[in-house]
file protein.txt (compact mmCIF, C-alpha atoms)
# COMPACT_ATOMS: atom_id res chain seq x y z
CA MET A 1 -55.58 -20.49 209.91
CA ILE A 2 -58.58 -22.72 210.00
CA THR A 3 -61.09 -22.06 207.23
CA LYS A 4 -64.87 -21.68 207.41
CA ARG A 5 -66.69 -24.81 206.26
CA ILE A 6 -69.36 -25.00 203.60
CA ILE A 7 -71.53 -28.03 204.23
CA PRO A 8 -74.23 -29.35 201.89
CA CYS A 9 -76.94 -31.25 203.71
CA LEU A 10 -78.67 -34.20 202.04
CA ASP A 11 -82.02 -35.32 203.36
CA VAL A 12 -82.37 -38.99 202.58
CA LYS A 13 -85.32 -41.31 202.65
CA ASN A 14 -84.72 -45.01 202.13
CA GLY A 15 -81.32 -44.17 200.72
CA ARG A 16 -82.61 -41.58 198.27
CA VAL A 17 -82.12 -37.87 198.49
CA VAL A 18 -85.58 -36.41 198.87
CA LYS A 19 -85.02 -32.78 198.27
CA GLY A 20 -84.57 -33.51 194.60
CA THR A 21 -82.12 -31.84 192.32
CA ASN A 22 -82.16 -30.53 188.81
CA PHE A 23 -78.74 -31.67 187.85
CA ILE A 24 -78.96 -35.27 188.91
CA ASN A 25 -81.79 -37.62 188.20
CA LEU A 26 -82.58 -39.24 191.52
CA GLN A 27 -83.97 -42.66 190.97
CA ASP A 28 -82.45 -45.19 193.29
CA ALA A 29 -80.49 -45.58 196.48
CA GLY A 30 -77.24 -45.05 194.63
CA ASP A 31 -78.10 -41.51 193.85
CA ALA A 32 -77.35 -40.19 197.32
CA VAL A 33 -73.85 -41.42 196.66
CA GLU A 34 -73.77 -39.79 193.22
CA LEU A 35 -74.79 -36.47 194.70
CA ALA A 36 -72.17 -36.85 197.41
CA LYS A 37 -69.50 -37.49 194.75
CA ASN A 38 -70.63 -34.40 192.91
CA TYR A 39 -70.30 -32.22 196.01
CA TYR A 40 -66.91 -33.72 196.77
CA ALA A 41 -65.73 -32.80 193.28
CA GLN A 42 -67.14 -29.28 193.65
CA GLY A 43 -65.08 -28.64 196.79
CA ALA A 44 -67.57 -29.13 199.63
CA ASP A 45 -65.73 -29.20 202.97
CA GLU A 46 -67.89 -31.93 204.43
CA LEU A 47 -71.34 -33.44 203.99
CA ILE A 48 -74.25 -34.17 206.27
CA PHE A 49 -76.82 -36.88 205.56
CA LEU A 50 -80.04 -36.68 207.55
CA ASP A 51 -82.31 -39.70 207.29
CA ILE A 52 -85.91 -38.58 207.46
CA SER A 53 -87.54 -41.94 206.80
CA ALA A 54 -89.43 -43.62 209.59
CA SER A 55 -89.13 -47.17 208.41
CA GLU A 56 -87.91 -50.09 210.44
CA GLU A 57 -85.25 -50.63 207.84
CA LYS A 58 -83.70 -47.28 208.61
CA ARG A 59 -80.67 -48.52 210.46
CA LYS A 60 -79.73 -50.94 207.71
CA THR A 61 -80.11 -48.40 204.91
CA LEU A 62 -78.16 -45.80 206.86
CA SER A 63 -75.31 -48.15 207.47
CA LYS A 64 -75.25 -49.14 203.79
CA LEU A 65 -75.24 -45.50 202.83
CA ALA A 66 -72.31 -44.78 205.15
CA GLU A 67 -70.37 -47.65 203.64
CA ALA A 68 -71.05 -46.60 200.04
CA VAL A 69 -70.28 -42.92 200.64
CA ALA A 70 -67.06 -43.67 202.50
CA LYS A 71 -65.68 -45.56 199.51
CA GLU A 72 -66.28 -42.65 197.15
CA ILE A 73 -65.53 -39.41 198.94
CA PHE A 74 -62.47 -38.46 200.92
CA ILE A 75 -63.82 -35.64 203.00
CA PRO A 76 -65.60 -35.97 206.35
CA PHE A 77 -69.27 -36.78 206.51
CA THR A 78 -71.88 -36.90 209.26
CA ILE A 79 -74.95 -39.11 209.43
CA GLY A 80 -78.03 -38.33 211.50
CA GLY A 81 -81.65 -39.30 211.87
CA GLY A 82 -83.13 -41.76 214.32
CA ILE A 83 -79.87 -42.73 216.00
CA LYS A 84 -80.80 -44.06 219.44
CA SER A 85 -77.94 -45.93 221.01
CA VAL A 86 -74.19 -46.29 221.35
CA ASN A 87 -74.55 -49.41 219.24
CA ASP A 88 -76.26 -47.48 216.41
CA ILE A 89 -73.41 -44.98 216.50
CA GLU A 90 -70.76 -47.68 216.48
CA GLN A 91 -72.28 -49.31 213.39
CA LEU A 92 -72.24 -46.05 211.43
CA LEU A 93 -68.72 -45.05 212.47
CA LYS A 94 -67.42 -48.53 211.64
CA LYS A 95 -68.85 -48.26 208.15
CA GLY A 96 -67.01 -45.01 207.60
CA ALA A 97 -69.12 -42.12 208.88
CA ASP A 98 -66.82 -39.64 210.61
CA LYS A 99 -69.49 -38.24 212.88
CA VAL A 100 -73.06 -38.81 213.86
CA ALA A 101 -75.65 -36.15 214.56
CA ILE A 102 -78.04 -36.85 217.41
CA ASN A 103 -81.08 -34.75 218.16
CA THR A 104 -84.25 -36.18 219.73
CA SER A 105 -82.48 -39.14 221.32
CA ALA A 106 -80.01 -36.78 223.01
CA ILE A 107 -82.91 -34.77 224.43
CA GLU A 108 -84.66 -37.87 225.70
CA ASN A 109 -81.48 -39.51 226.92
CA PRO A 110 -78.69 -36.95 227.51
CA LYS A 111 -76.45 -39.73 228.82
CA LEU A 112 -76.13 -40.91 225.23
CA ILE A 113 -73.94 -37.87 224.52
CA GLU A 114 -71.73 -38.73 227.46
CA GLU A 115 -71.42 -42.43 226.68
CA ALA A 116 -70.87 -41.93 222.97
CA SER A 117 -68.27 -39.20 223.33
CA ARG A 118 -66.37 -41.26 225.86
CA GLU A 119 -66.43 -44.27 223.57
CA PHE A 120 -65.73 -42.62 220.21
CA GLY A 121 -64.30 -39.20 221.10
CA SER A 122 -66.07 -35.84 221.15
CA GLN A 123 -65.07 -35.13 217.55
CA ALA A 124 -67.47 -37.87 216.39
CA ILE A 125 -70.53 -36.59 218.26
CA VAL A 126 -72.53 -33.70 216.82
CA VAL A 127 -75.56 -32.58 218.79
CA ALA A 128 -78.20 -31.17 216.47
CA ILE A 129 -80.51 -28.56 217.99
CA ASP A 130 -83.69 -27.34 216.28
CA ALA A 131 -84.70 -24.03 217.86
CA LYS A 132 -87.69 -21.76 217.45
CA LYS A 133 -88.24 -18.37 219.03
CA ILE A 134 -91.08 -18.40 221.51
CA GLY A 135 -91.50 -15.02 223.17
CA ALA A 136 -88.07 -13.76 224.15
CA LYS A 137 -86.42 -17.20 224.23
CA TRP A 138 -85.39 -19.92 221.82
CA SER A 139 -87.12 -23.16 222.57
CA VAL A 140 -85.78 -26.59 221.54
CA PHE A 141 -88.03 -28.77 219.40
CA ALA A 142 -87.74 -32.54 218.97
CA TYR A 143 -89.03 -35.05 216.43
CA GLY A 144 -88.06 -33.05 213.37
CA GLY A 145 -89.30 -29.75 214.76
CA LYS A 146 -92.71 -31.10 215.72
CA ASN A 147 -92.61 -31.29 219.51
CA GLU A 148 -91.75 -28.44 221.80
CA THR A 149 -89.57 -29.75 224.60
CA GLY A 150 -89.57 -26.79 226.96
CA LEU A 151 -85.76 -26.76 226.87
CA ASP A 152 -84.01 -23.45 226.33
CA ALA A 153 -81.70 -23.71 223.29
CA ILE A 154 -78.80 -21.85 224.87
CA GLU A 155 -78.96 -23.88 228.07
CA TRP A 156 -79.28 -27.12 226.12
CA ALA A 157 -76.24 -26.27 223.98
CA LYS A 158 -74.21 -25.65 227.14
CA LYS A 159 -75.41 -28.91 228.62
CA ALA A 160 -74.55 -30.82 225.42
CA GLN A 161 -71.02 -29.43 225.52
CA GLU A 162 -70.67 -30.36 229.16
CA LEU A 163 -71.74 -33.92 228.37
CA GLY A 164 -69.08 -34.23 225.66
CA ALA A 165 -70.54 -33.05 222.35
CA GLY A 166 -67.81 -32.05 219.87
CA GLU A 167 -69.97 -29.75 217.75
CA ILE A 168 -73.41 -28.17 217.72
CA LEU A 169 -75.47 -28.15 214.53
CA LEU A 170 -77.91 -25.33 215.19
CA THR A 171 -81.00 -25.01 213.02
CA SER A 172 -83.38 -22.10 213.21
CA ILE A 173 -86.86 -23.50 212.60
CA ASP A 174 -88.10 -19.95 211.99
CA ARG A 175 -85.67 -19.50 209.12
CA ASP A 176 -85.55 -23.05 207.74
CA GLY A 177 -86.73 -23.10 204.14
CA THR A 178 -87.40 -19.34 204.04
CA LYS A 179 -84.16 -18.29 202.25
CA LYS A 180 -84.20 -15.16 204.42
CA GLY A 181 -80.72 -15.69 205.78
CA PHE A 182 -79.29 -17.37 208.87
CA ASP A 183 -80.55 -16.34 212.30
CA SER A 184 -77.53 -14.39 213.59
CA ASP A 185 -79.18 -13.56 216.91
CA LEU A 186 -79.72 -17.20 217.78
CA LEU A 187 -76.26 -18.19 216.52
CA ASN A 188 -74.56 -15.44 218.53
CA GLN A 189 -76.36 -16.43 221.70
CA VAL A 190 -75.19 -20.01 221.34
CA THR A 191 -71.62 -19.37 220.13
CA ASN A 192 -71.15 -17.01 223.08
CA ALA A 193 -72.36 -19.67 225.48
CA VAL A 194 -70.19 -22.59 224.32
CA THR A 195 -66.54 -23.17 223.38
CA ILE A 196 -67.12 -26.02 220.89
CA PRO A 197 -67.67 -25.32 217.18
CA VAL A 198 -71.18 -24.33 216.06
CA ILE A 199 -72.53 -24.93 212.54
CA ALA A 200 -75.23 -22.58 211.25
CA SER A 201 -78.30 -24.06 209.60
CA GLY A 202 -81.61 -22.76 208.34
CA GLY A 203 -82.31 -19.82 206.07
CA ALA A 204 -79.51 -19.81 203.49
CA GLY A 205 -80.81 -18.15 200.34
CA SER A 206 -77.85 -16.37 198.79
CA LYS A 207 -74.07 -15.96 198.83
CA GLU A 208 -74.58 -12.81 200.88
CA ASP A 209 -76.27 -14.85 203.61
CA PHE A 210 -73.10 -16.91 204.06
CA LEU A 211 -70.91 -13.79 204.14
CA ASP A 212 -73.31 -12.29 206.65
CA VAL A 213 -73.25 -15.26 209.02
CA PHE A 214 -69.45 -15.59 208.89
CA SER A 215 -69.03 -11.83 209.44
CA LYS A 216 -71.56 -11.43 212.24
CA THR A 217 -71.17 -14.65 214.21
CA LYS A 218 -68.47 -17.04 215.38
CA VAL A 219 -69.87 -20.10 213.61
CA THR A 220 -67.18 -22.27 212.01
CA GLY A 221 -69.38 -23.70 209.29
CA ALA A 222 -72.64 -23.11 207.49
CA LEU A 223 -75.03 -25.60 205.99
CA ALA A 224 -77.53 -25.49 203.16
CA ALA A 225 -79.60 -28.03 201.27
CA SER A 226 -81.90 -26.94 198.48
CA LEU A 227 -79.72 -23.98 197.57
CA PHE A 228 -76.99 -26.36 196.46
CA HIS A 229 -79.22 -29.19 195.21
CA TYR A 230 -81.02 -26.91 192.78
CA ASN A 231 -77.70 -25.49 191.75
CA GLN A 232 -78.82 -21.95 192.53
CA ILE A 233 -75.33 -21.41 193.83
CA SER A 234 -72.41 -23.69 193.13
CA ILE A 235 -70.03 -24.40 195.99
CA LYS A 236 -67.14 -23.13 193.95
CA GLU A 237 -68.88 -19.86 193.16
CA LEU A 238 -69.85 -19.40 196.82
CA LYS A 239 -66.33 -20.05 198.08
CA THR A 240 -64.78 -17.70 195.53
CA TYR A 241 -67.22 -14.98 196.60
CA LEU A 242 -66.44 -15.53 200.29
CA LYS A 243 -62.71 -15.45 199.69
CA GLN A 244 -62.98 -12.22 197.70
CA ASN A 245 -64.83 -10.75 200.67
CA GLY A 246 -62.21 -11.69 203.21
CA VAL A 247 -63.58 -14.97 204.59
CA ASP A 248 -60.94 -17.68 204.86
CA VAL A 249 -62.20 -20.69 202.91
CA ARG A 250 -60.54 -23.66 201.24
CA VAL A 251 -60.47 -23.03 197.49
CA MET B 1 -46.47 -55.12 199.34
CA LYS B 2 -48.74 -55.20 202.36
CA ILE B 3 -49.78 -52.28 204.56
CA ALA B 4 -51.31 -53.24 207.90
CA ILE B 5 -53.70 -50.82 209.58
CA ILE B 6 -53.78 -51.41 213.30
CA ASP B 7 -57.24 -52.21 214.61
CA TYR B 8 -57.42 -51.65 218.35
CA GLY B 9 -61.00 -50.50 218.72
CA ALA B 10 -60.12 -46.82 218.68
CA GLY B 11 -59.95 -45.75 215.12
CA ASN B 12 -61.65 -44.92 211.89
CA THR B 13 -59.92 -47.85 210.27
CA ALA B 14 -62.50 -48.21 207.48
CA ASN B 15 -61.71 -44.79 206.09
CA VAL B 16 -57.97 -45.28 206.18
CA LYS B 17 -58.41 -48.57 204.32
CA ASN B 18 -60.80 -46.96 201.82
CA ALA B 19 -58.19 -44.36 200.97
CA PHE B 20 -55.42 -46.95 200.49
CA ASP B 21 -57.82 -49.05 198.38
CA LYS B 22 -58.57 -46.03 196.24
CA LEU B 23 -54.84 -45.64 195.66
CA GLY B 24 -54.47 -49.28 194.68
CA ALA B 25 -52.40 -50.30 197.69
CA ASN B 26 -52.88 -53.61 199.41
CA ALA B 27 -54.01 -52.62 202.90
CA ILE B 28 -55.53 -54.80 205.58
CA VAL B 29 -57.17 -53.86 208.85
CA SER B 30 -56.03 -56.23 211.56
CA ASP B 31 -55.76 -56.67 215.31
CA SER B 32 -53.30 -59.53 214.90
CA GLU B 33 -49.69 -58.89 215.85
CA ALA B 34 -48.60 -61.53 213.35
CA ASP B 35 -50.16 -59.45 210.56
CA TRP B 36 -48.45 -56.31 211.84
CA LYS B 37 -45.05 -57.98 211.99
CA SER B 38 -45.28 -59.41 208.49
CA ALA B 39 -46.43 -56.13 206.93
CA ASP B 40 -44.15 -53.90 204.86
CA ALA B 41 -45.62 -50.84 206.55
CA LEU B 42 -47.69 -50.20 209.63
CA VAL B 43 -50.36 -47.53 210.08
CA LEU B 44 -51.64 -46.46 213.49
CA PRO B 45 -54.88 -44.50 213.16
CA GLY B 46 -56.89 -43.39 216.14
CA VAL B 47 -59.59 -41.20 217.49
CA GLY B 48 -60.68 -40.78 221.08
CA ALA B 49 -58.67 -40.34 224.23
CA PHE B 50 -54.91 -40.89 224.70
CA GLY B 51 -55.14 -42.95 227.89
CA ALA B 52 -57.99 -45.15 226.66
CA ALA B 53 -56.13 -45.87 223.42
CA MET B 54 -52.93 -46.91 225.23
CA GLU B 55 -55.01 -49.15 227.47
CA LYS B 56 -56.58 -50.78 224.44
CA LEU B 57 -53.16 -51.35 222.87
CA GLY B 58 -52.02 -52.96 226.11
CA ASN B 59 -49.18 -55.45 225.66
CA LYS B 60 -49.32 -55.08 221.89
CA LYS B 61 -47.45 -51.79 222.09
CA LYS B 62 -44.18 -53.71 222.22
CA THR B 63 -44.88 -55.10 218.73
CA ILE B 64 -45.38 -51.56 217.41
CA THR B 65 -42.16 -50.35 219.00
CA GLU B 66 -40.25 -53.31 217.55
CA PHE B 67 -41.74 -52.69 214.11
CA ILE B 68 -40.57 -49.09 214.20
CA GLU B 69 -37.09 -50.17 215.35
CA SER B 70 -36.91 -52.56 212.40
CA GLY B 71 -36.75 -49.53 210.10
CA LYS B 72 -39.86 -50.29 208.04
CA PRO B 73 -42.17 -47.37 207.22
CA PHE B 74 -44.65 -46.37 209.90
CA LEU B 75 -47.46 -43.82 209.72
CA GLY B 76 -49.37 -42.43 212.71
CA ILE B 77 -52.58 -40.52 212.06
CA CYS B 78 -54.21 -38.02 214.46
CA LEU B 79 -54.26 -39.75 217.86
CA GLY B 80 -51.85 -42.23 216.26
CA MET B 81 -49.36 -39.34 216.01
CA GLN B 82 -49.91 -38.25 219.61
CA LEU B 83 -49.40 -41.80 220.92
CA LEU B 84 -45.80 -41.67 219.65
CA LEU B 85 -44.99 -39.19 222.42
CA GLU B 86 -44.42 -39.86 226.10
CA ILE B 87 -47.32 -38.21 227.89
CA SER B 88 -50.48 -36.19 227.25
CA GLU B 89 -52.38 -33.50 229.14
CA GLU B 90 -55.48 -35.41 228.11
CA SER B 91 -54.79 -38.42 230.34
CA SER B 92 -52.57 -37.77 233.32
CA GLY B 93 -50.59 -40.80 234.37
CA ALA B 94 -50.92 -42.57 231.01
CA LYS B 95 -47.72 -43.39 229.15
CA GLY B 96 -47.50 -43.17 225.37
CA LEU B 97 -45.26 -45.25 223.12
CA GLY B 98 -42.39 -42.87 223.85
CA ILE B 99 -40.85 -43.24 220.38
CA ILE B 100 -40.56 -39.46 220.29
CA LYS B 101 -39.57 -37.39 223.32
CA GLY B 102 -42.13 -34.78 224.26
CA LYS B 103 -45.69 -34.30 225.34
CA VAL B 104 -49.18 -33.71 224.01
CA ARG B 105 -50.80 -30.43 225.06
CA LYS B 106 -54.30 -29.01 224.98
CA PHE B 107 -55.03 -26.00 222.76
CA GLN B 108 -55.21 -22.84 224.90
CA THR B 109 -57.08 -20.41 222.67
CA ASN B 110 -60.24 -18.38 222.30
CA LEU B 111 -61.00 -20.37 219.15
CA PRO B 112 -63.46 -23.22 219.46
CA VAL B 113 -61.97 -26.47 220.79
CA PRO B 114 -61.88 -29.11 219.36
CA GLN B 115 -60.37 -27.68 216.22
CA ILE B 116 -62.65 -29.14 213.56
CA GLY B 117 -62.16 -28.29 209.92
CA TRP B 118 -59.68 -27.55 207.16
CA ASN B 119 -56.48 -25.80 208.17
CA LYS B 120 -53.45 -24.86 206.11
CA VAL B 121 -50.37 -27.03 206.47
CA GLN B 122 -47.00 -25.45 205.78
CA ALA B 123 -44.84 -28.42 204.92
CA VAL B 124 -41.07 -28.64 205.05
CA ASN B 125 -39.12 -30.49 202.43
CA CYS B 126 -40.12 -34.06 203.11
CA ALA B 127 -40.89 -37.11 200.99
CA LEU B 128 -44.33 -37.35 202.60
CA PHE B 129 -45.32 -33.98 201.16
CA TYR B 130 -44.03 -34.35 197.64
CA GLY B 131 -46.33 -32.31 195.39
CA VAL B 132 -48.37 -30.75 198.21
CA ASP B 133 -46.06 -28.45 200.13
CA ASN B 134 -48.67 -25.86 201.13
CA PHE B 135 -52.13 -27.34 201.37
CA TYR B 136 -55.39 -27.58 203.32
CA ALA B 137 -55.99 -30.65 205.45
CA TYR B 138 -58.82 -31.80 207.69
CA PHE B 139 -58.18 -31.69 211.42
CA ALA B 140 -60.32 -32.85 214.35
CA ASN B 141 -58.30 -32.41 217.53
CA SER B 142 -58.28 -30.71 220.92
CA TYR B 143 -54.65 -31.63 221.62
CA TYR B 144 -51.40 -31.20 219.72
CA CYS B 145 -47.88 -32.64 219.88
CA GLU B 146 -44.97 -30.75 221.36
CA PRO B 147 -41.82 -32.73 220.63
CA GLN B 148 -38.55 -31.82 222.36
CA ASP B 149 -36.64 -32.07 219.09
CA LYS B 150 -38.25 -29.54 216.76
CA SER B 151 -36.21 -30.77 213.81
CA ILE B 152 -38.57 -33.72 213.36
CA VAL B 153 -41.52 -31.39 212.63
CA ALA B 154 -42.31 -31.90 208.95
CA GLY B 155 -45.23 -29.50 208.73
CA THR B 156 -46.82 -26.78 210.85
CA SER B 157 -50.29 -25.26 211.17
CA GLU B 158 -51.74 -22.40 213.19
CA TYR B 159 -54.54 -22.68 215.68
CA GLY B 160 -54.10 -19.92 218.22
CA THR B 161 -50.53 -21.17 218.30
CA SER B 162 -48.21 -22.75 215.78
CA PHE B 163 -48.29 -26.53 216.19
CA ALA B 164 -46.81 -29.66 214.61
CA ALA B 165 -49.07 -30.90 211.82
CA ALA B 166 -46.65 -33.69 210.93
CA PHE B 167 -43.48 -35.54 211.97
CA ALA B 168 -40.83 -37.20 209.88
CA LEU B 169 -38.06 -39.06 211.66
CA LYS B 170 -36.24 -41.67 209.57
CA ASN B 171 -38.90 -44.35 208.89
CA VAL B 172 -41.48 -42.77 211.21
CA PHE B 173 -44.10 -40.46 209.72
CA ALA B 174 -47.10 -38.94 211.44
CA THR B 175 -49.84 -36.45 210.68
CA GLN B 176 -52.10 -34.65 213.12
CA PHE B 177 -54.59 -34.15 210.30
CA HIS B 178 -56.53 -36.92 208.59
CA PRO B 179 -54.97 -37.54 205.16
CA GLU B 180 -57.75 -40.04 204.41
CA LYS B 181 -60.27 -37.19 204.82
CA SER B 182 -58.32 -34.36 203.24
CA GLY B 183 -59.49 -34.70 199.66
CA LYS B 184 -56.98 -34.84 196.83
CA ALA B 185 -54.13 -33.35 198.87
CA GLY B 186 -54.62 -36.00 201.53
CA LEU B 187 -54.64 -38.80 198.99
CA GLN B 188 -51.38 -37.40 197.58
CA VAL B 189 -49.81 -37.62 201.05
CA LEU B 190 -50.88 -41.25 201.36
CA SER B 191 -49.66 -41.93 197.86
CA ASN B 192 -46.27 -40.52 198.83
CA PHE B 193 -46.23 -42.86 201.81
CA ILE B 194 -47.04 -45.83 199.57
CA LYS B 195 -44.11 -44.88 197.31
CA MET B 196 -41.79 -45.05 200.30
CA VAL B 197 -43.15 -48.48 201.17
CA ARG B 198 -42.55 -49.70 197.62
CA LYS B 199 -38.92 -48.53 197.64

call {"tool": "encode", "arguments": {"input": "protein.txt", "output": "structure tokens"}}
result
Amino acid sequence: MITKRIIPCLDVKNGRVVKGTNFINLQDAGDAVELAKNYYAQGADELIFLDISASEEKRKTLSKLAEAVAKEIFIPFTIGGGIKSVNDIEQLLKKGADKVAINTSAIENPKLIEEASREFGSQAIVVAIDAKKIGAKWSVFAYGGKNETGLDAIEWAKKAQELGAGEILLTSIDRDGTKKGFDSDLLNQVTNAVTIPVIASGGAGSKEDFLDVFSKTKVTGALAASLFHYNQISIKELKTYLKQNGVDVRV
Amino acid sequence: MKIAIIDYGAGNTANVKNAFDKLGANAIVSDSEADWKSADALVLPGVGAFGAAMEKLGNKKKTITEFIESGKPFLGICLGMQLLLEISEESSGAKGLGIIKGKVRKFQTNLPVPQIGWNKVQAVNCALFYGVDNFYAYFANSYYCEPQDKSIVAGTSEYGTSFAAAFALKNVFATQFHPEKSGKAGLQVLSNFIKMVRK
């Protein structure tokens, strides 16, 4: 059977990982690649790079990053952050990214999902959704969680699937950075509304949180950043724990 | 030795080349039929839709068929495996290469589709799987191959149903998973392919 995926997320700025780590000294652009190699060796199932820089040079650095990473690791990786057009996507995929994650640009121009999935296949297009609970509903936020869009997260996930998205990367803004665990309510609402794979993001603080999300929801993967960067949990340790508790993982 | 990776605008050719480079094989990515013909082995990668890919291959499909008939090693990856068959539920009316009799079907399951992630491959005794007979590989597919002749299935996986994860038929090899993205096990599969090319 298919296994649940453990996915480290690397936030990069001008080619450097910005949520620093204790076990690697991050000094130059090459270090994002070093960290990626480290995760590959540890048994990560895939990697996600999210570019959070706002510079004009972004596209160039992202494409360089894709190229460098693709030469070193032989597991899938996704690149996101500021991708605006089919051309942007093509550049990244050509350099070796397996998938791209689109967020704000998909909200502003939903046709991008349609055009890109037709051109490169659904499996290459991940729609990232940042959701925050407002009253009884989950509202979608754009621009790195800054702007409320008025879109309902569940409806938007359905729409993204309809337009051709291959996966949903679903981040709970409420949980992000809290280490209080994944938001199972939100994840259940979305996994019940779509048939494409959903990746859980936001809130991972312990091994138990991963067991919890894989036991309580239908997500096919779970993501974390600082938890892995600071080596609070190693990927190997996490996967061994999950396997011992009946979750099918690749070990 | 030269391995040619077919570039037809529908593939993750860079990653396939990266993996061959890592293994020290001389691989080129090319859209030129002359390069394909002169190669010692041909690799057909591919992502995207069945019909669109066959359209992009256009008249060049004859060169691929002739290469396969010549007996030199051939490897199809993901969509490149599916294109070996005759038809696909993904693109009605489109004709595949027809090297292998059978059709490509969509997963009918309550599991999420596409299948994206690492699935276990149960391999049969085959040179392609030397040293990795029961391993995890990375898949990204909504469709799977259903060949008429089940004896060519060189590996199976489960996704709601048991499906062909690989073919081996004389000089023709194919994997539904991405060996170039399947970590060490995947590199071993490609290394086994290279050994067959060197023979």

call {"tool": "interface_residues", "arguments": {"input": "protein.txt", "of": "chain A", "to": "chain B", "cutoff": "6 Å", "atoms": "only C-alpha atoms", "output": "ChimeraX atom specification"}}
result
/A:1-3,71,74-76,96,120-121,195-197

call {"tool": "residues_around", "arguments": {"input": "protein.txt", "residues": "region 218-221 of chain A", "least_positions_apart": "6", "cutoff": "12 Å", "atoms": "all atoms listed in the file", "output": "ChimeraX atom specification"}}
result
/A:1-8,44-48,167-170,182-201,210-212,247-250 /B:110-119

call {"tool": "write_last_selection", "arguments": {"input": "protein.txt", "atoms": "C-alpha atoms", "output": "mmCIF file, keeping the file's coordinate frame"}}
result
data_model
loop_
_atom_site.group_PDB
_atom_site.id
_atom_site.type_symbol
_atom_site.label_atom_id
_atom_site.label_comp_id
_atom_site.auth_asym_id
_atom_site.auth_seq_id
_atom_site.Cartn_x
_atom_site.Cartn_y
_atom_site.Cartn_z
ATOM 1 C CA MET A 1 -55.580 -20.490 209.910
ATOM 2 C CA ILE A 2 -58.580 -22.720 210.000
ATOM 3 C CA THR A 3 -61.090 -22.060 207.230
ATOM 4 C CA LYS A 4 -64.870 -21.680 207.410
ATOM 5 C CA ARG A 5 -66.690 -24.810 206.260
ATOM 6 C CA ILE A 6 -69.360 -25.000 203.600
ATOM 7 C CA ILE A 7 -71.530 -28.030 204.230
ATOM 8 C CA PRO A 8 -74.230 -29.350 201.890
ATOM 9 C CA ALA A 44 -67.570 -29.130 199.630
ATOM 10 C CA ASP A 45 -65.730 -29.200 202.970
ATOM 11 C CA GLU A 46 -67.890 -31.930 204.430
ATOM 12 C CA LEU A 47 -71.340 -33.440 203.990
ATOM 13 C CA ILE A 48 -74.250 -34.170 206.270
ATOM 14 C CA GLU A 167 -69.970 -29.750 217.750
ATOM 15 C CA ILE A 168 -73.410 -28.170 217.720
ATOM 16 C CA LEU A 169 -75.470 -28.150 214.530
ATOM 17 C CA LEU A 170 -77.910 -25.330 215.190
ATOM 18 C CA PHE A 182 -79.290 -17.370 208.870
ATOM 19 C CA ASP A 183 -80.550 -16.340 212.300
ATOM 20 C CA SER A 184 -77.530 -14.390 213.590
ATOM 21 C CA ASP A 185 -79.180 -13.560 216.910
ATOM 22 C CA LEU A 186 -79.720 -17.200 217.780
ATOM 23 C CA LEU A 187 -76.260 -18.190 216.520
ATOM 24 C CA ASN A 188 -74.560 -15.440 218.530
ATOM 25 C CA GLN A 189 -76.360 -16.430 221.700
ATOM 26 C CA VAL A 190 -75.190 -20.010 221.340
ATOM 27 C CA THR A 191 -71.620 -19.370 220.130
ATOM 28 C CA ASN A 192 -71.150 -17.010 223.080
ATOM 29 C CA ALA A 193 -72.360 -19.670 225.480
ATOM 30 C CA VAL A 194 -70.190 -22.590 224.320
ATOM 31 C CA THR A 195 -66.540 -23.170 223.380
ATOM 32 C CA ILE A 196 -67.120 -26.020 220.890
ATOM 33 C CA PRO A 197 -67.670 -25.320 217.180
ATOM 34 C CA VAL A 198 -71.180 -24.330 216.060
ATOM 35 C CA ILE A 199 -72.530 -24.930 212.540
ATOM 36 C CA ALA A 200 -75.230 -22.580 211.250
ATOM 37 C CA SER A 201 -78.300 -24.060 209.600
ATOM 38 C CA PHE A 210 -73.100 -16.910 204.060
ATOM 39 C CA LEU A 211 -70.910 -13.790 204.140
ATOM 40 C CA ASP A 212 -73.310 -12.290 206.650
ATOM 41 C CA VAL A 247 -63.580 -14.970 204.590
ATOM 42 C CA ASP A 248 -60.940 -17.680 204.860
ATOM 43 C CA VAL A 249 -62.200 -20.690 202.910
ATOM 44 C CA ARG A 250 -60.540 -23.660 201.240
ATOM 45 C CA ASN B 110 -60.240 -18.380 222.300
ATOM 46 C CA LEU B 111 -61.000 -20.370 219.150
ATOM 47 C CA PRO B 112 -63.460 -23.220 219.460
ATOM 48 C CA VAL B 113 -61.970 -26.470 220.790
ATOM 49 C CA PRO B 114 -61.880 -29.110 219.360
ATOM 50 C CA GLN B 115 -60.370 -27.680 216.220
ATOM 51 C CA ILE B 116 -62.650 -29.140 213.560
ATOM 52 C CA GLY B 117 -62.160 -28.290 209.920
ATOM 53 C CA TRP B 118 -59.680 -27.550 207.160
ATOM 54 C CA ASN B 119 -56.480 -25.800 208.170
#

call {"tool": "residues_around", "arguments": {"input": "protein.txt", "residues": "Asn125 (chain B)", "least_positions_apart": "5", "cutoff": "8 Å", "atoms": "only C-alpha atoms", "output": "list in words"}}
result
Tyr130, Asp133 and Ala154 of chain B

call {"tool": "atom_distance", "arguments": {"input": "protein.txt", "atom1": "CA of Asp88 (chain A)", "atom2": "CA of Ile73 (chain A)"}}
result
22.0 Å

call {"tool": "atom_distance", "arguments": {"input": "protein.txt", "atom1": "CA of Phe49 (chain A)", "atom2": "CA of Ala157 (chain A)"}}
result
21.3 Å

call {"tool": "residues_around", "arguments": {"input": "protein.txt", "residues": "Ser63 (chain A)", "least_positions_apart": "4", "cutoff": "12 Å", "atoms": "all atoms listed in the file", "output": "number ranges by chain"}}
result
A: 14-15, 49, 51, 57-59, 67-70, 78-81, 83, 87-97, 100
